[in-house]
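Novice: This structure is in structure tokens; I'll ask about it shortly.
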Amino acid sequence: MTPSACDKSAFSTMEVCGSLTVSLREFGCEQSLLSRPDGSASFVQGDTSVMAGVYGPAEVKVSKEIYDRATLEVLVQPKVGLPSVRERSQEQCVRETCEASLLLTLHPRSSLTLILQVLHDDGSLLSCCLNAACMALMDAGLPMSCLFCGVTCAISTDGQIITDPTAAQEKESRALMTFAIDSAKHSVLMSSTKGSFSVHEVSGLMTGKKECAPFQTNKTVNAKPKRPDVTNRLH
Amino acid sequence: ASDVSVLWLPLPRSLLTCRTAEPLEYHRSFLKENCRPDGRELTEFRTTTLNIGSISTADGSALVKLGNTTIICGIKAELANPTVEAPGKGYIVPNVDLPPLCSSRFRPGPPGEEAQAASQFIADVIESSEVIKTEDLSIDRGKLCWVLYCDLMCLDYDGNILDACVIALLAALKNTRLPEVTINKETSAPEVNLEKRWELQIHKHLVSASFCIFDDSILISDPTAEEETLSTAHLTVVTDEDDRLCSVHKPGGTSLSGERLQECISRATTRQREIQKLIAKVAHSVKKAQ
């Protein structure tokens with residue numbers, strides 16, 4: 001698939017639980033758009049938009065210091081109001097995913113801060129946060145063992161699988177799942193689900209998200225490879 | 001000193017690794033032999049003990065011990081106005097508390113990230129499984145409903161609090177008896193009859209099973225606090241009695257293949273049967289005692 005094709009919108013079909021169409025909304029990314037952070041990116045999936053900034057490696061507070069690796073802190077700022085319990089749980093998901101892909105042992109006793117500012121939420125917010133985080137970490141030139149992407153899938157009441165749902169589709173759905181997939185092995189780094197579903201549907205989605213992964217990998221090539229050394233590792 | 005070294009020589013190398021200085025090496029040496037430092041097999045859960053109705057002043061309560069991990073759950077029912085969005089529904093407010101008492105890793109003050117993430121997880125599980133139909137909590141549509149405050153307090157933190165929390169919550173909900181409320185037609189004020197109580201109907205029996213991944217490859221069930229800190233990833237699977245999944249929660253960490261996930265799900269369904277039997281047995285004995 002050519003980069004220009006996935007630039008606009010990506011369509012493909014596959015066979016999981018009968019037939020379904022994998023379609024992602026139009027997505028785009030811009031890197032190093034902020035001057036103060038060491039790395040920044042904004043990621044847009046349809047109307048959902050998240051801006052990310054990375055600071056570090058910098059000095060760490062003694063209380064948070066880890067002797068053999070860097071301390072990663074993730075902050076999720078909602079569009080309106082103060083961060084609540086929901087944001088805390090998103091922060092935990094993003095942080096542990098980043099920790100798995102970053103080579104934190106290369107910067108012992110230092111701190112990395114990742115700030116995710118939600119600009120607009122129109123569904124698939126967690127996956128958009130993950131994508132923005134990955135692009136910002138790349139922009140900061142931090143050493144990573146692999147890249148990752150976030151994919152949200154919704155299962156509608158009639159059993160259809162909708163990838164990258166909008167807020168309205170999320171509301172109508174019976175179950176909602178977000179996965180983070182790594183670029184090296186295409187296996188699951190993170191999974192967060194809502195609603196009840198069968199084992200069969202999960203295994204179907206496991207195949208489904210692998211189909212989504214190539215799009216996302218392409219996206220990274222697309223998005224202005226500022227540091228070719230990181231991007232090249234994908235191929 | 002020379003005598004000691006002579007004594008140590010015939011022992012296997014694994015026992016020479018110091019647990020405090022090299023905890024990871026220490027655990028690895030056990031996992032290599034397909035067992036764990038506490039004598040469990042890799043897939044074995046710790047002994048689970050359950051006590052239902054331990055707090056007489058709460059509307060429902062349960063105490064769960066999973067090895068050393070201890071969680072107590074108290075349910076308090078209050079009358080409230082339903083929300084405008086859902087006039088015919090009541091609501092459930094879970095809260096997980098990790099006080100400094102349970103482990104040295106927690107400090108006094110506002111709840112930390114782990115406690116908040118656990119509370120959110122429990123709230124998500126309640127919502128997605130529909131363990132209780134919130135319509136059952138409605139008393140007078142648009143005017144009055146029940147709110148269930150489910151407080152989960154950790155008394156001893158030795159890993160895998162999510163599993164213990166889910167068992168405690170389910171057992172406490174099963175134990176909850178709500179008083180009957182009638183609305184006085186003249187004054188339209190609610191009248192609570194504490195003598196007459198009704199049992200909450202549990203629609204789904206949800207049970208969770210947690211796993212840890214060691215060194216990106218070895219999968220262990222029901223990790224202790226030490227195993228949790230040393231492992232590279234955690235996974236929690238929540239299932240109900242119809243073997244439907246209510247949650248597959250993996251907050252990050254090293255990657256997991258599809259086959260491994262299937263393995264976790266099948267282990268979770270086995271665990272589901274065990275815990276359901278345990279809760280039924282304890283609930284039965286509590287009923288007999290009354």
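Convention: chains lettered A, B, ... in structure tokens order; per-chain residue numbering from 1; ligands numbered from 1 as shown.
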For chain B against chain A, with a cut-off of 6 Å and counting only C-alpha atoms, what is the closest atom pair and its distance in Å to one decimal for every residue that makes the cut, ordered by chain and number, as CSV?
Specialist:
residue,atom,partner,partner_atom,distance
B:Gln116,CA,A:Val85,CA,5.7
B:Ala117,CA,A:Ser89,CA,4.6
B:Ser128,CA,A:Gly195,CA,3.9
B:Arg244,CA,A:Ser198,CA,4.7
B:Leu245,CA,A:Phe197,CA,5.3
B:Cys246,CA,A:Ser196,CA,4.3
B:Ser247,CA,A:Thr193,CA,5.3
B:Val248,CA,A:Thr193,CA,5.8
B:His249,CA,A:Ser192,CA,4.8
B:Lys250,CA,A:Ser191,CA,4.7
B:Pro251,CA,A:Cys93,CA,4.4
B:Gly252,CA,A:Thr97,CA,4.2
B:Gly253,CA,A:Ala100,CA,4.8
B:Thr254,CA,A:Ala100,CA,5.4
B:Ser255,CA,A:Leu189,CA,4.3
B:Leu256,CA,A:Val188,CA,5.2
B:Ser257,CA,A:Ser187,CA,5.3
Novice: For A:Glu73, work out the shell of residues within 9 Å, counting only C-alpha atoms and skipping chain neighbours fewer than 3 positions away, then give it as a list in words.
Specialist: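 Listing them by chain and then by number gives Glu91, Arg95, Ser111, Leu112, Thr113, Leu114 and Ile115 of chain A.
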Novice: Which residues, written as a PyMOL selection string, have at least one atom at most 7 Å from stretch 131-140 of chain B, with only C-alpha atoms counted and residues fewer than 3 positions away on the same chain left out?
Specialist: chain B and resi 88-91+126+143-146+201-205
